[in-house]
$ cat target_39.cif   # mmCIF, C-alpha atoms
data_target
#
loop_
_atom_site.group_PDB
_atom_site.id
_atom_site.type_symbol
_atom_site.label_atom_id
_atom_site.label_comp_id
_atom_site.auth_asym_id
_atom_site.auth_seq_id
_atom_site.Cartn_x
_atom_site.Cartn_y
_atom_site.Cartn_z
ATOM 1 C CA MET A 69 182.620 257.368 71.630
ATOM 2 C CA GLY A 70 185.440 256.386 69.238
ATOM 3 C CA PHE A 71 187.707 259.063 70.675
ATOM 4 C CA LEU A 72 187.060 257.724 74.181
ATOM 5 C CA MET A 73 187.919 254.197 73.088
ATOM 6 C CA LYS A 74 191.220 255.386 71.626
ATOM 7 C CA LYS A 75 192.095 257.083 74.910
ATOM 8 C CA VAL A 76 191.151 253.994 76.923
ATOM 9 C CA ASN A 77 193.048 251.798 74.474
ATOM 10 C CA SER A 78 196.190 253.941 74.722
ATOM 11 C CA PHE A 79 195.966 254.005 78.539
ATOM 12 C CA PHE A 80 195.433 250.239 78.600
ATOM 13 C CA TYR A 81 198.343 249.767 76.173
ATOM 14 C CA LYS A 82 200.664 251.918 78.288
ATOM 15 C CA PHE A 83 199.588 250.213 81.508
ATOM 16 C CA ILE A 84 200.324 246.711 80.172
ATOM 17 C CA TYR A 85 203.532 247.846 78.459
ATOM 18 C CA TYR A 86 204.959 249.500 81.576
ATOM 19 C CA PHE A 87 203.946 246.519 83.697
ATOM 20 C CA ILE A 88 205.991 244.312 81.360
ATOM 21 C CA VAL A 89 208.947 246.716 81.581
ATOM 22 C CA PHE A 90 208.642 246.719 85.393
ATOM 23 C CA TYR A 91 208.609 242.914 85.366
ATOM 24 C CA GLN A 92 211.685 242.755 83.120
ATOM 25 C CA LYS A 93 213.695 245.259 85.175
ATOM 26 C CA ILE A 94 212.682 244.384 88.758
ATOM 27 C CA ILE A 95 211.110 240.931 89.072
ATOM 28 C CA SER A 96 212.801 238.940 86.302
ATOM 29 C CA PRO A 97 216.404 239.391 87.600
ATOM 30 C CA ILE A 98 215.348 238.054 91.019
ATOM 31 C CA ILE A 99 213.838 234.764 89.835
ATOM 32 C CA PRO A 100 215.897 232.213 87.876
ATOM 33 C CA ALA A 101 215.422 231.919 84.120
ATOM 34 C CA ARG A 102 213.097 229.069 83.268
ATOM 35 C CA CYS A 103 211.102 230.164 80.247
ATOM 36 C CA ARG A 104 209.887 227.320 78.053
ATOM 37 C CA TYR A 105 209.362 229.423 74.941
ATOM 38 C CA TYR A 106 211.394 231.629 72.674
ATOM 39 C CA PRO A 107 210.930 234.601 72.733
ATOM 40 C CA THR A 108 210.246 234.907 76.438
ATOM 41 C CA CYS A 109 206.706 235.746 77.513
ATOM 42 C CA SER A 110 207.602 239.332 78.389
ATOM 43 C CA ASN A 111 209.243 239.969 75.017
ATOM 44 C CA TYR A 112 206.306 238.239 73.320
ATOM 45 C CA GLY A 113 203.958 240.587 75.165
ATOM 46 C CA LYS A 114 205.857 243.715 74.156
ATOM 47 C CA GLN A 115 205.902 242.639 70.525
ATOM 48 C CA ALA A 116 202.218 241.631 70.565
ATOM 49 C CA LEU A 117 201.278 245.022 72.007
ATOM 50 C CA ALA A 118 203.359 246.843 69.406
ATOM 51 C CA TRP A 119 201.937 244.882 66.462
ATOM 52 C CA HIS A 120 198.326 244.312 67.502
ATOM 53 C CA GLY A 121 197.526 247.163 69.878
ATOM 54 C CA GLY A 122 196.306 247.126 73.464
ATOM 55 C CA TRP A 123 193.307 244.821 73.386
ATOM 56 C CA SER A 124 194.337 242.210 70.806
ATOM 57 C CA GLY A 125 197.947 242.230 71.987
ATOM 58 C CA SER A 126 196.954 241.683 75.600
ATOM 59 C CA TRP A 127 194.639 238.847 74.520
ATOM 60 C CA LEU A 128 197.542 237.180 72.679
ATOM 61 C CA LEU A 129 199.732 237.666 75.755
ATOM 62 C CA LEU A 130 197.067 236.134 77.999
ATOM 63 C CA LYS A 131 196.785 233.109 75.708
ATOM 64 C CA ARG A 132 200.576 232.741 75.733
ATOM 65 C CA LEU A 133 200.763 232.964 79.539
ATOM 66 C CA SER A 134 198.060 230.310 79.848
ATOM 67 C CA ARG A 135 200.218 227.909 77.785
ATOM 68 C CA CYS A 136 203.338 228.579 79.861
ATOM 69 C CA HIS A 137 203.173 225.872 82.537
ATOM 70 C CA PRO A 138 205.011 222.577 83.132
ATOM 71 C CA LEU A 139 202.439 220.527 81.206
ATOM 72 C CA GLY A 140 202.198 223.066 78.386
ATOM 73 C CA GLY A 141 204.239 223.324 75.247
ATOM 74 C CA HIS A 142 207.733 224.584 74.601
ATOM 75 C CA GLY A 143 209.863 225.790 71.718
ATOM 76 C CA VAL A 144 209.675 228.696 69.307
ATOM 77 C CA ASP A 145 206.399 230.650 69.373
ATOM 78 C CA PHE A 146 206.412 233.965 67.537
ATOM 79 C CA VAL A 147 203.704 236.609 67.558
ATOM 80 C CA PRO A 148 201.338 236.100 64.604
ATOM 81 C CA LEU A 149 201.542 238.725 61.896
ATOM 82 C CA PRO A 150 198.768 241.340 61.857
ATOM 83 C CA LEU A 151 197.382 240.370 58.451
ATOM 84 C CA SER A 152 194.520 242.862 58.598
ATOM 85 C CA SER A 153 196.966 245.726 58.031
ATOM 86 C CA TYR A 154 198.367 244.276 54.797
ATOM 87 C CA HIS A 155 197.207 245.672 51.466
ATOM 88 C CA TYR A 156 196.325 243.073 48.859
ATOM 89 C CA GLN A 157 196.468 244.033 45.200
ATOM 90 C CA TYR A 158 194.631 242.166 42.506
ATOM 91 C CA LEU A 159 196.677 241.571 39.356
ATOM 92 C CA SER A 160 194.506 242.046 36.328
ATOM 93 C CA PRO A 161 195.148 239.810 33.332
ATOM 94 C CA ALA A 162 197.769 241.227 31.009
ATOM 95 C CA ARG A 163 196.444 239.899 27.712
ATOM 96 C CA HIS A 164 195.167 236.865 25.881
ATOM 97 C CA THR A 165 197.956 234.522 24.894
ATOM 98 C CA ALA A 166 198.277 231.410 22.789
ATOM 99 C CA GLN A 167 199.020 229.335 25.894
ATOM 100 C CA GLY A 168 195.792 230.252 27.655
ATOM 101 C CA LEU A 169 193.542 233.055 28.736
ATOM 102 C CA TYR A 170 194.499 235.535 31.423
ATOM 103 C CA ILE A 171 198.113 234.610 32.031
ATOM 104 C CA PHE A 172 200.076 237.314 33.803
ATOM 105 C CA ARG A 173 203.323 238.140 32.023
ATOM 106 C CA ASP A 174 205.988 239.868 34.058
ATOM 107 C CA THR A 175 208.090 242.025 31.734
ATOM 108 C CA THR A 176 209.493 244.530 34.211
ATOM 109 C CA SER A 177 211.536 242.499 36.692
ATOM 110 C CA TYR A 178 215.252 241.918 36.383
ATOM 111 C CA VAL A 179 214.890 238.157 35.993
ATOM 112 C CA SER A 180 212.383 238.378 33.158
ATOM 113 C CA ARG A 181 214.498 240.923 31.277
ATOM 114 C CA LEU A 182 217.618 238.771 31.760
ATOM 115 C CA ASN A 183 215.787 235.671 30.518
ATOM 116 C CA HIS A 184 214.605 237.617 27.485
ATOM 117 C CA LEU A 185 218.158 238.764 26.703
ATOM 118 C CA MET A 186 219.542 235.245 27.165
ATOM 119 C CA SER A 187 216.917 233.806 24.801
ATOM 120 C CA MET A 188 218.020 236.242 22.084
ATOM 121 C CA LEU A 189 221.617 234.888 22.115
#
$ encode --input "target_39.cif" --output "structure tokens"
Amino acid sequence: MGFLMKKVNSFFYKFIYYFIVFYQKIISPIIPARCRYYPTCSNYGKQALAWHGGWSGSWLLLKRLSRCHPLGGHGVDFVPLPLSSYHYQYLSPARHTAQGLYIFRDTTSYVSRLNHLMSML
């Protein structure tokens, strides 16, 4: 079943993506430019599909298209970052210090080494 969903998802992704490309190449040059948002809805859709996949990206595009009307908003509206793909790393406490328990001491970065050298002068 998972394999079938990936095939349907890739077909759905390609269908929406090529529809956006068709719109940008054929339909968009015919009608005058009047987009209320930056980036335009078609570019927003391509980026949402690339970042979030077929289903979530098309849902974001549908929400964006529903806001794009004369009584809707305007301005800069970027695609939200796909935070589920980020890897979070827990920093364990370095050691007990006199200033308090579990304070992380960075001793490997350039700034900390430079501050250490400057304090020795």
$ resolve_selection --input "target_39.cif" --expression "the PyMOL selection byres ((chain A and resi 149) around 12)" --output "short mmCIF file (atom, residue, chain, number, x, y, z; two decimals) with C-alpha atoms, in the coordinates of the input"
data_model
loop_
_atom_site.label_atom_id
_atom_site.label_comp_id
_atom_site.auth_asym_id
_atom_site.auth_seq_id
_atom_site.Cartn_x
_atom_site.Cartn_y
_atom_site.Cartn_z
CA GLN A 115 205.90 242.64 70.53
CA ALA A 116 202.22 241.63 70.56
CA LEU A 117 201.28 245.02 72.01
CA ALA A 118 203.36 246.84 69.41
CA TRP A 119 201.94 244.88 66.46
CA HIS A 120 198.33 244.31 67.50
CA SER A 124 194.34 242.21 70.81
CA GLY A 125 197.95 242.23 71.99
CA LEU A 128 197.54 237.18 72.68
CA PHE A 146 206.41 233.96 67.54
CA VAL A 147 203.70 236.61 67.56
CA PRO A 148 201.34 236.10 64.60
CA PRO A 150 198.77 241.34 61.86
CA LEU A 151 197.38 240.37 58.45
CA SER A 152 194.52 242.86 58.60
CA SER A 153 196.97 245.73 58.03
CA TYR A 154 198.37 244.28 54.80
#
$ atom_distance --input "target_39.cif" --atom1 "CA of Phe90 in chain A" --atom2 "CA of Val144 in chain A"
24.2 Å
$ atom_distance --input "target_39.cif" --atom1 "CA of Ile88 in chain A" --atom2 "CA of Pro100 in chain A"
16.9 Å
$ closest_residue --input "target_39.cif" --among "A:Thr176, A:Arg181, A:Gly122, A:Gly141" --to "Phe80 in chain A" --atoms "only C-alpha atoms"
A:Gly122
$ atom_distance --input "target_39.cif" --atom1 "CA of Asp145 in chain A" --atom2 "CA of Ser78 in chain A"
26.0 Å
$ axis_aligned_box --input "target_39.cif" --around "range 137-151 of chain A" --padding-each-side "5 Å" --output "JSON"
{"center_x": 203.6, "center_y": 230.9, "center_z": 70.8, "size_x": 22.5, "size_y": 30.8, "size_z": 34.7}
